[in-house]
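Read through the structure below, which is laid out as structure tokens, and then see the notes.
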Amino acid sequence: MSLRVGIVGGGQLARMMIAPAVELGIDVRVLAEEAGMSAAIAATATGDYRDLDTVRAFARDVDVITFDHEHVPQHVLRALVEEGVAVHPGPDALFYAQDKLRMRARLAELGMPQPEWAAISDAAGLQAFLDENGGRAVVKTPRGGYDGKGVRVVGAAEEAADWLDALEPGGQLLVEELVEFTRELAQQVARRPSGAWRSYPVVETVQRDGVCAEVIAPAPRAGQRLIEVAENIGVAIAEGLGVTGMLAVELFETADERLLVNELAMRPHNSGHWSQDGAVTGQFEQHLRAVLDLPLGDTSPRAPWSVMINILGGPVSGSLAARIPAALDAHPGAKVHTYGKSPRPGRKVGHVNLSGDDLDAVVGDARVVAAHFDD
């Protein structure tokens, strides 16, 4: 009988776990939020991931539950664990991925390098933080934000007045210093329930309008010290939070060569899409191995350089499928991955991976391929 993995969430991350599951002979099943989502081909159930009975019924016939996102409520996660369901990552780890304030506090306890931060509940608290940290800061909603959502750069307390006014009694916002970084990096670590781990090369990420646009693997100009520090941070967080599966740690690199933790994701992550085609073991296969407590795969790059370019928005007219022939013809080595989503401004609808020996050539060629999906 094959191993059975249940994935809660029907987005593109679940979709991209399907191919390696098939290769490994794993029976992968998906609880999709609605019909027609990215992972529809493996959707064995449709329903609300916030409803315990729905998730309980879905979990009944699988060996392990894992996730396409971090939004399943704690009471649902903990009920599954109490009933003997294997949940990876578990609720104790996801607790910190679901709330940025709790994440900051726990990372401080672990001694991880972070931006200056505070929990604030009123304009006076925000203004005091601004006065102490150069007059500008980043305000974040503790829950639910991603891809630039729930994040606002402010220079005065009144610029966050609507968020402050909307707080429930006892509610708080997270405020962080506006870090003067030279670039953004990401470190991925895979960890099994038994504790074994493997890290991927640290990568450079390029953000546009708060959304990841490009990834270069490994990060250019990364000396041995940076490589070791990034890996140590990733492993310490994975072990300190008890993460099982894939962990992505987004990092700021500063002008004085410090690394500061920005965000965490306890699942396959956009910064690791390059590994599908550029590493011996891609992140989606690795996540499946990890949550099933199987031996982890080799994370070595297959080429000196790999580049991932996100397809954001897609064509204004027509479908992505209509653009694929020309995109494939643009470079025989490019790998095009689409998510089964209709084009929409700013939406992640696919990505392009390309590897090679010359970084400038790889970046340029990958951009040319991706451009075929733009108008």
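By convention in this document, the chains of the structure tokens carry letters A, B, ... by their order, each chain's residues are numbered from 1, and ligands are numbered from 1 in the order they are shown.
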
Which residues, written as an NGL selection string, have at least one atom at most 12 Å from A:Ala59, with only C-alpha atoms counted and residues fewer than 3 positions away on the same chain left out?
:A and (4-8 or 28-31 or 44-45 or 49 or 52-56 or 62-67 or 76-77 or 79-81 or 83-87)

Selection above as a file: N, CA, C and O atoms, as a short mmCIF file (atom, residue, chain, number, x, y, z; two decimals), in the first residue's frame:
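Listed below is the output, result.cif:
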```
data_model
loop_
_atom_site.label_atom_id
_atom_site.label_comp_id
_atom_site.auth_asym_id
_atom_site.auth_seq_id
_atom_site.Cartn_x
_atom_site.Cartn_y
_atom_site.Cartn_z
N ARG A 4 0.32 7.80 1.97
CA ARG A 4 -0.75 8.73 1.62
C ARG A 4 -0.49 10.07 2.32
O ARG A 4 -0.44 10.12 3.55
N VAL A 5 -0.38 11.12 1.53
CA VAL A 5 -0.17 12.46 2.06
C VAL A 5 -1.39 13.32 1.73
O VAL A 5 -1.80 13.42 0.58
N GLY A 6 -1.95 13.94 2.77
CA GLY A 6 -3.06 14.85 2.57
C GLY A 6 -2.57 16.29 2.66
O GLY A 6 -1.93 16.67 3.64
N ILE A 7 -2.84 17.08 1.63
CA ILE A 7 -2.40 18.48 1.59
C ILE A 7 -3.63 19.37 1.77
O ILE A 7 -4.58 19.30 0.99
N VAL A 8 -3.61 20.20 2.80
CA VAL A 8 -4.69 21.14 3.03
C VAL A 8 -4.38 22.42 2.27
O VAL A 8 -3.37 23.08 2.53
N VAL A 28 -1.06 11.24 -3.19
CA VAL A 28 -1.27 12.59 -2.67
C VAL A 28 -2.71 13.00 -2.88
O VAL A 28 -3.29 12.78 -3.95
N ARG A 29 -3.31 13.56 -1.82
CA ARG A 29 -4.70 13.99 -1.85
C ARG A 29 -4.77 15.44 -1.39
O ARG A 29 -4.00 15.85 -0.53
N VAL A 30 -5.69 16.19 -1.94
CA VAL A 30 -5.76 17.62 -1.68
C VAL A 30 -7.15 18.00 -1.20
O VAL A 30 -8.16 17.59 -1.78
N LEU A 31 -7.19 18.79 -0.12
CA LEU A 31 -8.42 19.44 0.32
C LEU A 31 -8.39 20.87 -0.23
O LEU A 31 -7.67 21.73 0.27
N THR A 44 -9.29 15.61 -3.81
CA THR A 44 -10.22 14.54 -3.46
C THR A 44 -11.34 15.05 -2.56
O THR A 44 -12.29 14.33 -2.27
N ALA A 45 -11.20 16.31 -2.11
CA ALA A 45 -12.24 16.92 -1.28
C ALA A 45 -12.21 18.43 -1.48
O ALA A 45 -11.18 19.01 -1.81
N TYR A 49 -11.13 24.83 5.17
CA TYR A 49 -10.04 24.34 6.02
C TYR A 49 -10.14 24.85 7.45
O TYR A 49 -9.42 24.40 8.33
N LEU A 52 -13.43 22.13 11.52
CA LEU A 52 -12.80 20.92 12.06
C LEU A 52 -13.37 19.65 11.44
O LEU A 52 -12.63 18.75 11.06
N ASP A 53 -14.68 19.56 11.32
CA ASP A 53 -15.27 18.34 10.78
C ASP A 53 -14.83 18.09 9.34
O ASP A 53 -14.59 16.93 8.95
N THR A 54 -14.70 19.15 8.56
CA THR A 54 -14.25 19.01 7.17
C THR A 54 -12.82 18.48 7.12
O THR A 54 -12.52 17.54 6.37
N VAL A 55 -11.94 19.06 7.91
CA VAL A 55 -10.54 18.65 7.90
C VAL A 55 -10.39 17.27 8.53
O VAL A 55 -9.60 16.43 8.06
N ARG A 56 -11.16 17.00 9.57
CA ARG A 56 -11.10 15.68 10.22
C ARG A 56 -11.49 14.58 9.24
O ARG A 56 -10.82 13.53 9.17
N VAL A 62 -5.48 9.34 5.41
CA VAL A 62 -4.10 9.63 4.98
C VAL A 62 -3.14 9.32 6.13
O VAL A 62 -3.54 9.20 7.29
N ASP A 63 -1.85 9.21 5.79
CA ASP A 63 -0.82 8.91 6.78
C ASP A 63 -0.28 10.17 7.44
O ASP A 63 0.21 10.12 8.57
N VAL A 64 -0.33 11.29 6.73
CA VAL A 64 0.17 12.55 7.28
C VAL A 64 -0.57 13.70 6.62
O VAL A 64 -0.96 13.62 5.45
N ILE A 65 -0.78 14.75 7.40
CA ILE A 65 -1.37 15.99 6.89
C ILE A 65 -0.28 17.04 6.79
O ILE A 65 0.50 17.24 7.72
N THR A 66 -0.24 17.72 5.63
CA THR A 66 0.65 18.86 5.47
C THR A 66 -0.13 19.97 4.77
O THR A 66 -1.34 19.86 4.58
N PHE A 67 0.56 21.03 4.36
CA PHE A 67 -0.17 22.25 4.01
C PHE A 67 0.40 22.97 2.79
O PHE A 67 1.59 22.96 2.54
N VAL A 76 -8.15 23.58 15.05
CA VAL A 76 -8.27 22.46 14.11
C VAL A 76 -7.01 21.61 14.15
O VAL A 76 -7.07 20.37 14.24
N LEU A 77 -5.85 22.25 14.09
CA LEU A 77 -4.58 21.52 14.11
C LEU A 77 -4.44 20.69 15.38
O LEU A 77 -4.06 19.51 15.34
N ALA A 79 -6.74 19.64 17.47
CA ALA A 79 -7.71 18.55 17.55
C ALA A 79 -7.23 17.35 16.75
O ALA A 79 -7.36 16.19 17.20
N LEU A 80 -6.66 17.59 15.57
CA LEU A 80 -6.13 16.48 14.77
C LEU A 80 -5.03 15.75 15.51
O LEU A 80 -5.01 14.51 15.56
N VAL A 81 -4.09 16.50 16.10
CA VAL A 81 -2.98 15.87 16.82
C VAL A 81 -3.50 15.07 18.00
O VAL A 81 -3.05 13.94 18.26
N GLU A 83 -6.20 13.57 18.22
CA GLU A 83 -6.86 12.37 17.71
C GLU A 83 -5.89 11.40 17.04
O GLU A 83 -6.30 10.40 16.46
N GLY A 84 -4.59 11.71 17.12
CA GLY A 84 -3.58 10.78 16.63
C GLY A 84 -3.18 10.97 15.19
O GLY A 84 -2.46 10.14 14.62
N VAL A 85 -3.60 12.08 14.55
CA VAL A 85 -3.22 12.35 13.17
C VAL A 85 -1.81 12.94 13.14
O VAL A 85 -1.49 13.84 13.93
N ALA A 86 -0.96 12.46 12.25
CA ALA A 86 0.37 13.04 12.06
C ALA A 86 0.21 14.33 11.27
O ALA A 86 -0.29 14.33 10.14
N VAL A 87 0.62 15.46 11.87
CA VAL A 87 0.49 16.78 11.25
C VAL A 87 1.87 17.40 11.17
O VAL A 87 2.53 17.62 12.19
#
```

Give one line per residue of stretch 305-348 of chain A that approaches stretch 267-288 of chain A to at most 7 Å, naming the two atoms of the closest pair and their distance in Å to one decimal, counting only C-alpha atoms; sort by chain then ascending residue number and deliver it as JSON lines.
```
{"residue": "A:Ser306", "atom": "CA", "partner": "A:Gly278", "partner_atom": "CA", "distance": 5.8}
{"residue": "A:Val307", "atom": "CA", "partner": "A:Trp274", "partner_atom": "CA", "distance": 6.2}
{"residue": "A:Met308", "atom": "CA", "partner": "A:Trp274", "partner_atom": "CA", "distance": 5.2}
```

Using only C-alpha atoms, find each residue in stretch 235-310 of chain A having at least one atom no more than 8 Å away from stretch 111-128 of chain A; report its shortest atom-to-atom pair and that distance in Å (one decimal), rows by chain then rising number, as a tab-separated table.
```
residue	atom	partner	partner_atom	distance
A:Leu259	CA	A:Pro113	CA	6.9
A:Leu260	CA	A:Gln114	CA	4.7
A:Val261	CA	A:Gln114	CA	5.1
A:Asn262	CA	A:Gln114	CA	7.1
```

I'd like to know which residues of stretch 225-315 of chain A are strand (DSSP E or B) (by DSSP, run on the backbone); could you write them as a PyMOL selection string?
chain A and resi 245-254+259-265+279+301+305-312

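From atom CA of A:Pro220 back to atom CA of A:Met16, the distance works out to 26.7 Å.
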
Using only C-alpha atoms: which of A:Asp365, A:Glu239, A:Glu257, A:Glu177 has the shortest distance to A:Pro89
A:Glu239

Out of stretch 165-241 of chain A, which residues get helix (DSSP H, G or I) from DSSP, as a tab-separated table (two decimals) with all heavy atoms, in the first residue's frame?
```tsv
chain	number	residue	atom	x	y	z
A	165	ASP	N	-7.35	51.94	14.61
A	165	ASP	CA	-8.76	52.09	14.97
A	165	ASP	C	-9.52	50.78	14.83
A	165	ASP	O	-10.53	50.57	15.53
A	165	ASP	CB	-9.42	53.16	14.09
A	165	ASP	CG	-8.91	54.56	14.38
A	165	ASP	OD1	-8.30	54.76	15.44
A	165	ASP	OD2	-9.10	55.45	13.51
A	224	GLN	N	32.13	32.49	2.28
A	224	GLN	CA	31.91	31.34	3.15
A	224	GLN	C	31.26	31.74	4.47
A	224	GLN	O	30.42	31.02	5.00
A	224	GLN	CB	33.24	30.62	3.42
A	224	GLN	CG	33.09	29.27	4.11
A	224	GLN	CD	32.24	28.29	3.31
A	224	GLN	OE1	32.28	28.27	2.08
A	224	GLN	NE2	31.46	27.48	4.01
A	225	ARG	N	31.63	32.91	4.99
A	225	ARG	CA	31.04	33.34	6.26
A	225	ARG	C	29.55	33.55	6.11
A	225	ARG	O	28.75	33.10	6.95
A	225	ARG	CB	31.70	34.64	6.75
A	225	ARG	CG	31.07	35.19	8.03
A	225	ARG	CD	31.67	36.54	8.41
A	225	ARG	NE	30.90	37.17	9.49
A	225	ARG	CZ	29.78	37.86	9.31
A	225	ARG	NH1	29.29	38.03	8.08
A	225	ARG	NH2	29.13	38.39	10.34
A	226	LEU	N	29.12	34.25	5.05
A	226	LEU	CA	27.69	34.47	4.84
A	226	LEU	C	26.95	33.14	4.68
A	226	LEU	O	25.87	32.95	5.25
A	226	LEU	CB	27.47	35.35	3.61
A	226	LEU	CG	26.02	35.76	3.30
A	226	LEU	CD1	25.99	37.13	2.64
A	226	LEU	CD2	25.32	34.75	2.40
A	227	ILE	N	27.53	32.23	3.91
A	227	ILE	CA	26.90	30.93	3.69
A	227	ILE	C	26.70	30.20	5.02
A	227	ILE	O	25.63	29.64	5.29
A	227	ILE	CB	27.76	30.09	2.72
A	227	ILE	CG1	27.72	30.71	1.31
A	227	ILE	CG2	27.27	28.64	2.68
A	227	ILE	CD1	28.73	30.11	0.36
A	228	GLU	N	27.72	30.23	5.85
A	228	GLU	CA	27.64	29.52	7.13
A	228	GLU	C	26.65	30.19	8.08
A	228	GLU	O	25.87	29.51	8.77
A	228	GLU	CB	29.03	29.45	7.77
A	228	GLU	CG	29.99	28.54	7.02
A	228	GLU	CD	31.40	28.58	7.61
A	228	GLU	OE1	31.62	29.34	8.58
A	228	GLU	OE2	32.27	27.85	7.09
A	229	VAL	N	26.66	31.53	8.12
A	229	VAL	CA	25.74	32.24	9.02
A	229	VAL	C	24.29	32.00	8.60
A	229	VAL	O	23.42	31.73	9.43
A	229	VAL	CB	26.06	33.75	9.05
A	229	VAL	CG1	24.97	34.52	9.78
A	229	VAL	CG2	27.41	33.99	9.72
A	230	ALA	N	24.01	32.08	7.30
A	230	ALA	CA	22.65	31.85	6.82
A	230	ALA	C	22.18	30.44	7.15
A	230	ALA	O	21.05	30.24	7.63
A	230	ALA	CB	22.57	32.10	5.31
A	231	GLU	N	23.04	29.46	6.93
A	231	GLU	CA	22.66	28.08	7.24
A	231	GLU	C	22.44	27.91	8.74
A	231	GLU	O	21.47	27.28	9.17
A	231	GLU	CB	23.74	27.10	6.77
A	231	GLU	CG	23.39	25.65	7.08
A	231	GLU	CD	24.47	24.69	6.65
A	231	GLU	OE1	25.55	24.67	7.30
A	231	GLU	OE2	24.26	23.95	5.67
A	232	ASN	N	23.32	28.49	9.55
A	232	ASN	CA	23.18	28.36	11.01
A	232	ASN	C	21.86	28.97	11.49
A	232	ASN	O	21.20	28.42	12.37
A	232	ASN	CB	24.35	29.02	11.72
A	232	ASN	CG	25.65	28.27	11.55
A	232	ASN	OD1	25.65	27.09	11.21
A	232	ASN	ND2	26.77	28.92	11.79
A	233	ILE	N	21.49	30.12	10.90
A	233	ILE	CA	20.22	30.74	11.27
A	233	ILE	C	19.05	29.83	10.90
A	233	ILE	O	18.14	29.59	11.69
A	233	ILE	CB	20.07	32.12	10.59
A	233	ILE	CG1	21.04	33.13	11.21
A	233	ILE	CG2	18.63	32.63	10.68
A	233	ILE	CD1	21.11	34.45	10.46
A	234	GLY	N	19.07	29.30	9.66
A	234	GLY	CA	17.98	28.44	9.21
A	234	GLY	C	17.83	27.20	10.06
A	234	GLY	O	16.72	26.82	10.46
A	235	VAL	N	18.95	26.55	10.36
A	235	VAL	CA	18.90	25.32	11.15
A	235	VAL	C	18.46	25.61	12.58
A	235	VAL	O	17.65	24.87	13.17
A	235	VAL	CB	20.27	24.61	11.14
A	235	VAL	CG1	20.27	23.41	12.09
A	235	VAL	CG2	20.61	24.16	9.72
A	236	ALA	N	18.97	26.69	13.16
A	236	ALA	CA	18.60	27.04	14.54
A	236	ALA	C	17.11	27.33	14.65
A	236	ALA	O	16.46	26.94	15.64
A	236	ALA	CB	19.40	28.25	15.01
A	237	ILE	N	16.54	27.99	13.64
A	237	ILE	CA	15.11	28.27	13.67
A	237	ILE	C	14.31	26.99	13.48
A	237	ILE	O	13.32	26.75	14.18
A	237	ILE	CB	14.75	29.33	12.62
A	237	ILE	CG1	15.35	30.68	13.01
A	237	ILE	CG2	13.23	29.45	12.47
A	237	ILE	CD1	15.18	31.76	11.96
A	238	ALA	N	14.72	26.16	12.53
A	238	ALA	CA	14.00	24.90	12.29
A	238	ALA	C	13.98	24.05	13.56
A	238	ALA	O	12.93	23.49	13.93
A	238	ALA	CB	14.65	24.14	11.14
A	239	GLU	N	15.11	23.97	14.23
A	239	GLU	CA	15.17	23.16	15.44
A	239	GLU	C	14.51	23.85	16.62
A	239	GLU	O	13.79	23.21	17.40
A	239	GLU	CB	16.64	22.82	15.75
A	239	GLU	CG	17.27	21.92	14.70
A	239	GLU	CD	18.71	21.53	15.01
A	239	GLU	OE1	19.36	22.28	15.77
A	239	GLU	OE2	19.16	20.49	14.50
A	240	GLY	N	14.71	25.16	16.74
A	240	GLY	CA	14.15	25.89	17.87
A	240	GLY	C	12.63	25.96	17.85
A	240	GLY	O	11.99	25.97	18.91
A	241	LEU	N	12.04	26.00	16.65
A	241	LEU	CA	10.59	26.06	16.53
A	241	LEU	C	9.98	24.68	16.29
A	241	LEU	O	8.76	24.55	16.26
A	241	LEU	CB	10.18	27.00	15.39
A	241	LEU	CG	10.64	28.44	15.47
A	241	LEU	CD1	10.03	29.27	14.35
A	241	LEU	CD2	10.32	29.06	16.82
```

Give me the residues within 12 Å of A:Leu328 as a short mmCIF file (atom, residue, chain, number, x, y, z; two decimals) with C-alpha atoms, in the first residue's frame, counting only C-alpha atoms and dropping any in the same chain fewer than 6 places off.
```cif
data_model
loop_
_atom_site.label_atom_id
_atom_site.label_comp_id
_atom_site.auth_asym_id
_atom_site.auth_seq_id
_atom_site.Cartn_x
_atom_site.Cartn_y
_atom_site.Cartn_z
CA ALA A 321 -1.37 28.30 -22.77
CA ALA A 322 -1.39 30.26 -26.02
CA ALA A 334 14.14 26.76 -20.02
CA LYS A 335 11.52 25.06 -17.88
CA VAL A 336 8.12 26.75 -17.80
CA HIS A 337 5.79 26.03 -14.89
CA VAL A 352 10.43 30.09 -15.49
CA ASN A 353 13.53 28.19 -14.38
CA LEU A 354 16.84 28.19 -16.25
CA ASP A 365 17.66 34.27 -21.22
CA ALA A 366 15.23 33.49 -18.39
CA VAL A 368 13.35 36.65 -22.33
CA VAL A 369 11.39 33.44 -21.85
CA ALA A 370 9.21 34.92 -19.10
CA ALA A 371 8.54 38.04 -21.17
CA HIS A 372 6.56 35.94 -23.64
CA PHE A 373 3.79 35.82 -21.03
#
```

Residue contacts of A:Val243 (9 Å, only C-alpha atoms) excluding same-chain residues fewer than 3 positions away, as a compact mmCIF listing (two decimals) with all heavy atoms, in the first residue's frame:
```
# COMPACT_ATOMS: atom_id res chain seq x y z
N HIS A 88 2.33 17.69 9.93
CA HIS A 88 3.67 18.26 9.74
C HIS A 88 3.63 19.39 8.70
O HIS A 88 3.21 19.17 7.59
CB HIS A 88 4.65 17.18 9.29
CG HIS A 88 4.85 16.12 10.32
ND1 HIS A 88 5.40 16.38 11.56
CD2 HIS A 88 4.57 14.79 10.32
CE1 HIS A 88 5.46 15.26 12.26
NE2 HIS A 88 4.96 14.28 11.52
N PRO A 89 4.06 20.60 9.09
CA PRO A 89 4.53 20.97 10.41
C PRO A 89 3.38 20.98 11.42
O PRO A 89 2.22 21.17 11.04
CB PRO A 89 5.10 22.38 10.21
CG PRO A 89 4.38 22.91 9.02
CD PRO A 89 4.14 21.72 8.13
N GLY A 90 3.71 20.79 12.68
CA GLY A 90 2.69 20.68 13.70
C GLY A 90 2.22 22.03 14.21
O GLY A 90 2.78 23.08 13.88
N ASP A 92 2.50 23.47 17.09
CA ASP A 92 3.44 24.25 17.91
C ASP A 92 4.38 25.07 17.04
O ASP A 92 4.79 26.17 17.42
CB ASP A 92 4.25 23.32 18.81
CG ASP A 92 3.41 22.73 19.94
OD1 ASP A 92 2.32 23.28 20.22
OD2 ASP A 92 3.83 21.71 20.53
N ALA A 93 4.74 24.54 15.86
CA ALA A 93 5.59 25.29 14.94
C ALA A 93 4.77 26.33 14.18
O ALA A 93 5.15 27.50 14.07
CB ALA A 93 6.28 24.34 13.96
N LEU A 94 3.61 25.91 13.64
CA LEU A 94 2.79 26.82 12.86
C LEU A 94 2.27 28.00 13.68
O LEU A 94 1.97 29.06 13.13
CB LEU A 94 1.61 26.05 12.25
CG LEU A 94 1.97 25.18 11.04
CD1 LEU A 94 0.81 24.24 10.69
CD2 LEU A 94 2.31 26.05 9.83
N ALA A 190 15.25 21.74 5.18
CA ALA A 190 14.27 20.67 5.31
C ALA A 190 14.59 19.89 6.58
O ALA A 190 15.76 19.58 6.84
CB ALA A 190 14.31 19.74 4.10
N ARG A 191 13.56 19.57 7.37
CA ARG A 191 13.78 18.85 8.63
C ARG A 191 12.74 17.76 8.79
O ARG A 191 11.54 17.99 8.60
CB ARG A 191 13.74 19.82 9.80
CG ARG A 191 14.03 19.19 11.16
CD ARG A 191 14.14 20.25 12.24
NE ARG A 191 14.41 19.66 13.54
CZ ARG A 191 13.45 19.28 14.40
NH1 ARG A 191 12.16 19.46 14.08
NH2 ARG A 191 13.76 18.75 15.57
N ARG A 192 13.21 16.58 9.16
CA ARG A 192 12.34 15.44 9.41
C ARG A 192 11.83 15.43 10.86
O ARG A 192 12.48 16.01 11.74
CB ARG A 192 13.08 14.13 9.15
CG ARG A 192 13.52 13.92 7.73
CD ARG A 192 14.49 12.76 7.60
NE ARG A 192 13.94 11.49 8.07
CZ ARG A 192 14.61 10.33 8.06
NH1 ARG A 192 15.86 10.29 7.60
NH2 ARG A 192 14.04 9.23 8.49
N PRO A 193 10.72 14.75 11.13
CA PRO A 193 10.27 14.60 12.52
C PRO A 193 11.32 13.96 13.42
O PRO A 193 11.39 14.25 14.62
CB PRO A 193 9.03 13.72 12.40
CG PRO A 193 8.53 13.98 11.02
CD PRO A 193 9.75 14.20 10.18
N ILE A 237 16.54 27.99 13.64
CA ILE A 237 15.11 28.27 13.67
C ILE A 237 14.31 26.99 13.48
O ILE A 237 13.32 26.75 14.18
CB ILE A 237 14.75 29.33 12.62
CG1 ILE A 237 15.35 30.68 13.01
CG2 ILE A 237 13.23 29.45 12.47
CD1 ILE A 237 15.18 31.76 11.96
N ALA A 238 14.72 26.16 12.53
CA ALA A 238 14.00 24.90 12.29
C ALA A 238 13.98 24.05 13.56
O ALA A 238 12.93 23.49 13.93
CB ALA A 238 14.65 24.14 11.14
N GLU A 239 15.11 23.97 14.23
CA GLU A 239 15.17 23.16 15.44
C GLU A 239 14.51 23.85 16.62
O GLU A 239 13.79 23.21 17.40
CB GLU A 239 16.64 22.82 15.75
CG GLU A 239 17.27 21.92 14.70
CD GLU A 239 18.71 21.53 15.01
OE1 GLU A 239 19.36 22.28 15.77
OE2 GLU A 239 19.16 20.49 14.50
N GLY A 240 14.71 25.16 16.74
CA GLY A 240 14.15 25.89 17.87
C GLY A 240 12.63 25.96 17.85
O GLY A 240 11.99 25.97 18.91
N MET A 246 9.54 21.66 4.92
CA MET A 246 10.38 22.74 4.42
C MET A 246 10.19 24.01 5.24
O MET A 246 9.07 24.37 5.59
CB MET A 246 10.06 23.04 2.96
CG MET A 246 10.49 21.98 1.97
SD MET A 246 12.28 21.70 1.89
CE MET A 246 12.89 23.36 1.59
N LEU A 247 11.29 24.69 5.52
CA LEU A 247 11.28 26.00 6.16
C LEU A 247 12.04 26.96 5.26
O LEU A 247 13.16 26.66 4.82
CB LEU A 247 11.95 25.95 7.52
CG LEU A 247 12.27 27.31 8.17
CD1 LEU A 247 10.99 28.01 8.62
CD2 LEU A 247 13.24 27.15 9.34
N MET A 266 6.68 28.03 6.60
CA MET A 266 6.85 26.62 6.95
C MET A 266 6.15 25.75 5.92
O MET A 266 5.13 25.12 6.19
CB MET A 266 6.32 26.37 8.36
CG MET A 266 7.08 27.15 9.41
SD MET A 266 6.42 26.89 11.06
CE MET A 266 7.36 28.13 11.97
```

Atomic separation - atom CA of A:Gly313 relative to atom CA of A:Val362, Å
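If I compute the distance from atom CA of A:Val362 to atom CA of A:Gly313, I get 22.4 Å.
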